[in-house]
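Here the structure is laid out as structure tokens; the discussion comes afterwards.
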Amino acid sequence: MSMLIPGEHQLAEPAIVTVDEFETLLAEFKTFVVDYVAQRSPATAQKLQASLANESELLTLALEAFCLRLQTHERKYNARIKQMLAWWATGSNLDARLADMGLERQLLDPGDPVAFPPVPAVYESDEDARLRYYLAPHAPAAGSRMQYRREVFTLGERPTVKVDSTDAGVVTVTYTFDPDGFAAQVKDGNGRRTAPGEVQVTVLSREGDGTPSEDLLEGVRRHFARPDVKPETDRVTVQAAQIKPYKIRVVAKINPGPDSGLTQVATQRQLQAYADSCHRLEGRVDPSWIDYTLHTAGAVQLEILEPLQPIVTTAFQAPYCTGVEVEVRIL
């Protein structure tokens, strides 16, 4: 049985959010109106049917407007339905789904509320929070790849549980939480068995190019030294992710017009967003996606200068984009 993970799998929208086609909906309403009138006045129903067959008739236009309004209402209602599903939920709706698993969105930067102007706090993205939501139920699978990945993502959030029975009939359970908060510094992580009983845990940081600080690595080591985190037969070593730097350099040619600046800004923004999404362990940077992005932004012809070949990384590596350079030329 495989497991669906956001960012690694695509999921089709459920049938419940399907919106009827306009023509189908219009035909159903015309039939309904004619049948309703026919029950009271068959002669009037025949005239109405002939009238509705004429697209320029006022009543036909009114029914078309009603169908469009109904479609709009269905889309709004469907959007609310999707916000109840963790796969599509965003913002506070996703926070509510996280609470189902006893999780909350990680605080990356507390900001400064007393500054002028105030600096807002920065929390982890919806994508990262959603990933932790789907990893949360898999804690019991001790020793699995998914279990190790979950432990890297949730450092310090799970308490150390101590059970004592010093007096007859009295059992004391103590929960001790790690106050260091290293989990918010982890962008990605995994565990790979390199030999029988040997597990290599790799950590990618949110800071800079993803190289974790020694403090973060030490925090991960302390976490995996706990007796309730890994199988007793596993010997865990922790390492920093190996960073593979690269640049994105492109030349985009567009038709004459006033929007060359807008095309350049849009392209740089989209390419940077793509590079950020690839900054993961086992991340892959594909020139074909860069080609697609350029055409989406309005390029008619293009030339990719870097990277010329796909950048493929292992479970111990992550690609990091050092810069995005876009040159826009007019045909």
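So you can find residues: chains in the structure tokens are A, B, ... in the order shown, residues in each start at 1, and ligands are numbered from 1 in order.
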Show me, as JSON, numbers by chain, the residues that have an atom within 12 Å of Gly219 (chain A) when counting only C-alpha atoms, minus same-chain residues fewer than 5 positions from it. {"A": [152, 154, 155, 156, 178, 179, 180, 181, 182, 183, 184, 185, 186, 203, 212, 213, 214, 224, 225, 226, 238, 239]}
Two-atom distance - CA of Pro227 (chain A), CA of Val170 (chain A) (Å):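 Taking CA of Pro227 (chain A) as the start and CA of Val170 (chain A) as the end point, the length is 23.6 Å.
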May I have all residues of region 65-252 of chain A that DSSP, computed from the backbone, assigns to strand (DSSP E), given as a short mmCIF file (atom, residue, chain, number, x, y, z; two decimals) with N, CA and C atoms, in the first residue's frame?
data_model
loop_
_atom_site.label_atom_id
_atom_site.label_comp_id
_atom_site.auth_asym_id
_atom_site.auth_seq_id
_atom_site.Cartn_x
_atom_site.Cartn_y
_atom_site.Cartn_z
N LEU A 107 6.18 28.41 14.36
CA LEU A 107 6.59 29.81 14.31
C LEU A 107 8.05 29.87 13.86
N LEU A 108 8.30 30.45 12.68
CA LEU A 108 9.65 30.55 12.15
C LEU A 108 10.38 31.80 12.63
N ASP A 109 9.63 32.91 12.76
CA ASP A 109 10.22 34.17 13.19
C ASP A 109 9.16 34.93 14.00
N VAL A 122 6.34 35.29 11.35
CA VAL A 122 6.39 34.44 10.16
C VAL A 122 6.18 33.00 10.59
N TYR A 123 5.18 32.36 9.99
CA TYR A 123 4.89 30.96 10.29
C TYR A 123 5.22 30.09 9.07
N THR A 160 8.95 13.82 26.14
CA THR A 160 9.51 12.59 26.69
C THR A 160 8.55 12.10 27.77
N VAL A 161 8.14 10.85 27.66
CA VAL A 161 7.16 10.29 28.60
C VAL A 161 7.89 9.39 29.59
N LYS A 162 7.70 9.69 30.87
CA LYS A 162 8.32 8.89 31.93
C LYS A 162 7.23 8.34 32.84
N VAL A 163 7.25 7.05 33.06
CA VAL A 163 6.24 6.38 33.90
C VAL A 163 6.92 5.83 35.14
N ASP A 164 6.44 6.23 36.32
CA ASP A 164 6.99 5.76 37.61
C ASP A 164 5.87 5.20 38.48
N THR A 172 2.65 7.37 38.18
CA THR A 172 2.87 8.76 37.81
C THR A 172 3.44 8.83 36.40
N VAL A 173 2.74 9.57 35.52
CA VAL A 173 3.19 9.75 34.14
C VAL A 173 3.61 11.21 33.98
N THR A 174 4.85 11.43 33.56
CA THR A 174 5.39 12.78 33.41
C THR A 174 5.70 13.06 31.94
N TYR A 175 5.20 14.18 31.43
CA TYR A 175 5.47 14.60 30.06
C TYR A 175 6.41 15.80 30.11
N THR A 176 7.57 15.68 29.50
CA THR A 176 8.56 16.75 29.48
C THR A 176 8.81 17.18 28.04
N VAL A 186 13.96 23.17 10.69
CA VAL A 186 14.13 22.08 9.72
C VAL A 186 13.22 22.30 8.52
N LYS A 187 13.79 22.34 7.34
CA LYS A 187 13.01 22.45 6.12
C LYS A 187 12.71 21.08 5.53
N ASP A 188 13.66 20.17 5.63
CA ASP A 188 13.44 18.81 5.12
C ASP A 188 14.40 17.88 5.84
N GLY A 189 14.06 16.62 5.85
CA GLY A 189 14.90 15.62 6.49
C GLY A 189 14.44 14.23 6.16
N ASN A 190 15.32 13.26 6.34
CA ASN A 190 14.95 11.86 6.10
C ASN A 190 15.92 10.95 6.83
N GLY A 191 15.61 9.67 6.78
CA GLY A 191 16.48 8.66 7.34
C GLY A 191 16.64 7.53 6.35
N ARG A 192 17.87 7.11 6.11
CA ARG A 192 18.15 6.04 5.15
C ARG A 192 19.06 5.00 5.80
N ARG A 193 18.68 3.74 5.64
CA ARG A 193 19.49 2.65 6.18
C ARG A 193 20.68 2.41 5.24
N THR A 194 21.89 2.63 5.74
CA THR A 194 23.09 2.49 4.92
C THR A 194 23.76 1.14 5.09
N ALA A 195 23.43 0.44 6.17
CA ALA A 195 23.96 -0.89 6.45
C ALA A 195 23.06 -1.52 7.51
N GLU A 198 22.41 0.40 10.72
CA GLU A 198 22.97 1.74 10.57
C GLU A 198 21.99 2.62 9.80
N VAL A 199 21.60 3.76 10.39
CA VAL A 199 20.67 4.70 9.76
C VAL A 199 21.32 6.07 9.68
N GLN A 200 21.32 6.64 8.49
CA GLN A 200 21.86 7.99 8.28
C GLN A 200 20.71 8.97 8.18
N VAL A 201 20.65 9.91 9.12
CA VAL A 201 19.63 10.96 9.13
C VAL A 201 20.24 12.23 8.52
N THR A 202 19.59 12.77 7.49
CA THR A 202 20.07 13.96 6.80
C THR A 202 19.12 15.11 7.07
N VAL A 203 19.68 16.29 7.34
CA VAL A 203 18.88 17.45 7.73
C VAL A 203 19.15 18.60 6.77
N LEU A 204 18.07 19.22 6.29
CA LEU A 204 18.15 20.43 5.47
C LEU A 204 17.51 21.57 6.26
N SER A 205 18.25 22.68 6.39
CA SER A 205 17.78 23.81 7.18
C SER A 205 17.02 24.81 6.32
N ARG A 235 21.36 2.23 14.93
CA ARG A 235 22.39 3.20 15.32
C ARG A 235 22.28 4.37 14.36
N VAL A 236 21.91 5.53 14.88
CA VAL A 236 21.63 6.69 14.05
C VAL A 236 22.80 7.68 14.05
N THR A 237 23.21 8.10 12.88
CA THR A 237 24.16 9.20 12.74
C THR A 237 23.47 10.32 11.99
N VAL A 238 23.80 11.56 12.33
CA VAL A 238 23.15 12.74 11.78
C VAL A 238 24.15 13.54 10.96
N GLN A 239 23.73 13.95 9.78
CA GLN A 239 24.61 14.74 8.92
C GLN A 239 23.84 15.89 8.28
N ALA A 240 24.59 16.91 7.84
CA ALA A 240 24.02 18.03 7.11
C ALA A 240 23.79 17.63 5.66
N GLN A 242 23.99 17.74 1.73
CA GLN A 242 24.98 18.21 0.78
C GLN A 242 24.27 19.12 -0.23
N ILE A 243 24.74 20.34 -0.36
CA ILE A 243 24.08 21.34 -1.20
C ILE A 243 24.71 21.35 -2.59
N LYS A 244 23.84 21.27 -3.61
CA LYS A 244 24.28 21.38 -5.01
C LYS A 244 23.81 22.72 -5.57
N PRO A 245 24.70 23.73 -5.59
CA PRO A 245 24.29 25.05 -6.07
C PRO A 245 24.16 25.09 -7.60
N TYR A 246 23.25 25.95 -8.08
CA TYR A 246 23.07 26.14 -9.51
C TYR A 246 22.43 27.50 -9.73
N LYS A 247 22.44 27.95 -10.97
CA LYS A 247 21.78 29.19 -11.36
C LYS A 247 20.73 28.91 -12.42
N ILE A 248 19.74 29.80 -12.49
CA ILE A 248 18.79 29.77 -13.59
C ILE A 248 19.03 31.03 -14.42
N ARG A 249 19.47 30.85 -15.65
CA ARG A 249 19.73 31.97 -16.57
C ARG A 249 19.00 31.70 -17.87
N VAL A 250 18.15 32.64 -18.26
CA VAL A 250 17.33 32.43 -19.46
C VAL A 250 17.25 33.73 -20.26
N VAL A 251 17.01 33.56 -21.56
CA VAL A 251 16.73 34.68 -22.45
C VAL A 251 15.35 34.43 -23.04
N ALA A 252 14.44 35.37 -22.80
CA ALA A 252 13.07 35.23 -23.28
C ALA A 252 12.80 36.30 -24.34
#
Give me every alpha helix (DSSP H) residue in region 188-267 of chain A, going by DSSP on the backbone, as a VMD selection string. chain A and resid 214 to 224 260 to 267
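Our summary of the geometry notes that CA of Ile16 (chain A) is positioned 26.9 Å from CA of Ser125 (chain A).
Nearest residue to Asp234 (chain A) among A:Pro319, A:Gly143, A:Thr296, A:Ala89 is A:Gly143, counting only C-alpha atoms.
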Got a sec: who's within 9 Å of Thr267 (chain A), counting only C-alpha atoms, leaving out chain neighbours fewer than 6 positions off, as a list in words? Thr293, Leu294, Thr296, Ala297, Gly298 and Val326 of chain A
In Å, how far is it from CA of Ala53 (chain A) to CA of Asp20 (chain A)?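 Separation between CA of Ala53 (chain A) and CA of Asp20 (chain A): 20.7 Å.
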Selected residue of minimal separation from Leu131 (chain A) among A:Pro6, A:His73, A:Lys47, A:Gly210, counting only C-alpha atoms: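 Distance minimum relative to Leu131 (chain A) lands on A:Pro6.
Distances from A:Gln39, A:Gly169, A:Lys253, A:His279 to Glu327 (chain A) were compared using only C-alpha atoms, and the smallest one belongs to A:Lys253.
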Residues within 12 Å of Ala65 (chain A), only C-alpha atoms, excluding chain neighbours under 6 positions, as an MDAnalysis selection string: chainID A and resid 22 25:26 29 58:59 71:72
Let me see the file: selected residues, N, CA, C and O atoms, as a short mmCIF file (atom, residue, chain, number, x, y, z; two decimals), in the first residue's frame.
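Just written: selection_24.cif:
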data_model
loop_
_atom_site.label_atom_id
_atom_site.label_comp_id
_atom_site.auth_asym_id
_atom_site.auth_seq_id
_atom_site.Cartn_x
_atom_site.Cartn_y
_atom_site.Cartn_z
N PHE A 22 -22.50 24.32 -18.49
CA PHE A 22 -23.52 25.35 -18.71
C PHE A 22 -24.63 24.85 -19.64
O PHE A 22 -25.82 25.00 -19.33
N LEU A 25 -26.83 22.30 -17.90
CA LEU A 25 -27.65 22.93 -16.88
C LEU A 25 -28.79 23.73 -17.52
O LEU A 25 -29.94 23.68 -17.05
N LEU A 26 -28.50 24.46 -18.60
CA LEU A 26 -29.53 25.26 -19.28
C LEU A 26 -30.62 24.36 -19.86
O LEU A 26 -31.82 24.66 -19.76
N PHE A 29 -32.95 23.14 -17.12
CA PHE A 29 -33.87 24.16 -16.63
C PHE A 29 -34.98 24.45 -17.65
O PHE A 29 -36.13 24.68 -17.28
N LEU A 58 -36.19 37.23 -24.31
CA LEU A 58 -35.85 37.74 -22.99
C LEU A 58 -35.86 36.63 -21.94
O LEU A 58 -34.97 36.56 -21.07
N LEU A 59 -36.86 35.73 -22.01
CA LEU A 59 -36.94 34.66 -21.03
C LEU A 59 -35.76 33.70 -21.15
O LEU A 59 -35.22 33.21 -20.16
N GLN A 71 -24.01 28.42 -11.36
CA GLN A 71 -22.65 27.88 -11.45
C GLN A 71 -21.70 28.61 -10.51
O GLN A 71 -20.86 27.99 -9.85
N THR A 72 -21.83 29.94 -10.46
CA THR A 72 -20.99 30.73 -9.56
C THR A 72 -21.23 30.34 -8.11
O THR A 72 -20.29 30.19 -7.32
#
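Nearest residue to Arg222 (chain A) among A:Glu207, A:Glu151, A:Glu306, A:Asp291 is A:Glu151, counting only C-alpha atoms.
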So which one's closest to Gln106 (chain A), A:Glu64, A:Leu94, A:Ala299, A:Ala129? Using only C-alpha atoms, please.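 Comparing A:Glu64, A:Leu94, A:Ala299, A:Ala129 against Gln106 (chain A), the winner is A:Ala129.
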Might you pull out every residue within 10 Å of region 85-88 of chain A, with only C-alpha atoms counted and same-chain residues fewer than 6 positions away left off, and present them as number ranges by chain? A: 4-6, 10-11, 13, 79, 94-98, 126-127, 130-131, 133-134
For Gly91 (chain A), which residue out of A:Pro196, A:Arg105, A:Leu281, A:Asp167 is the nearest one, using only C-alpha atoms? A:Arg105
Exercise: Arg284 (chain A) partners within 10 Å, only C-alpha atoms, chain neighbours under 2 positions left out, as a count of residues only: 16
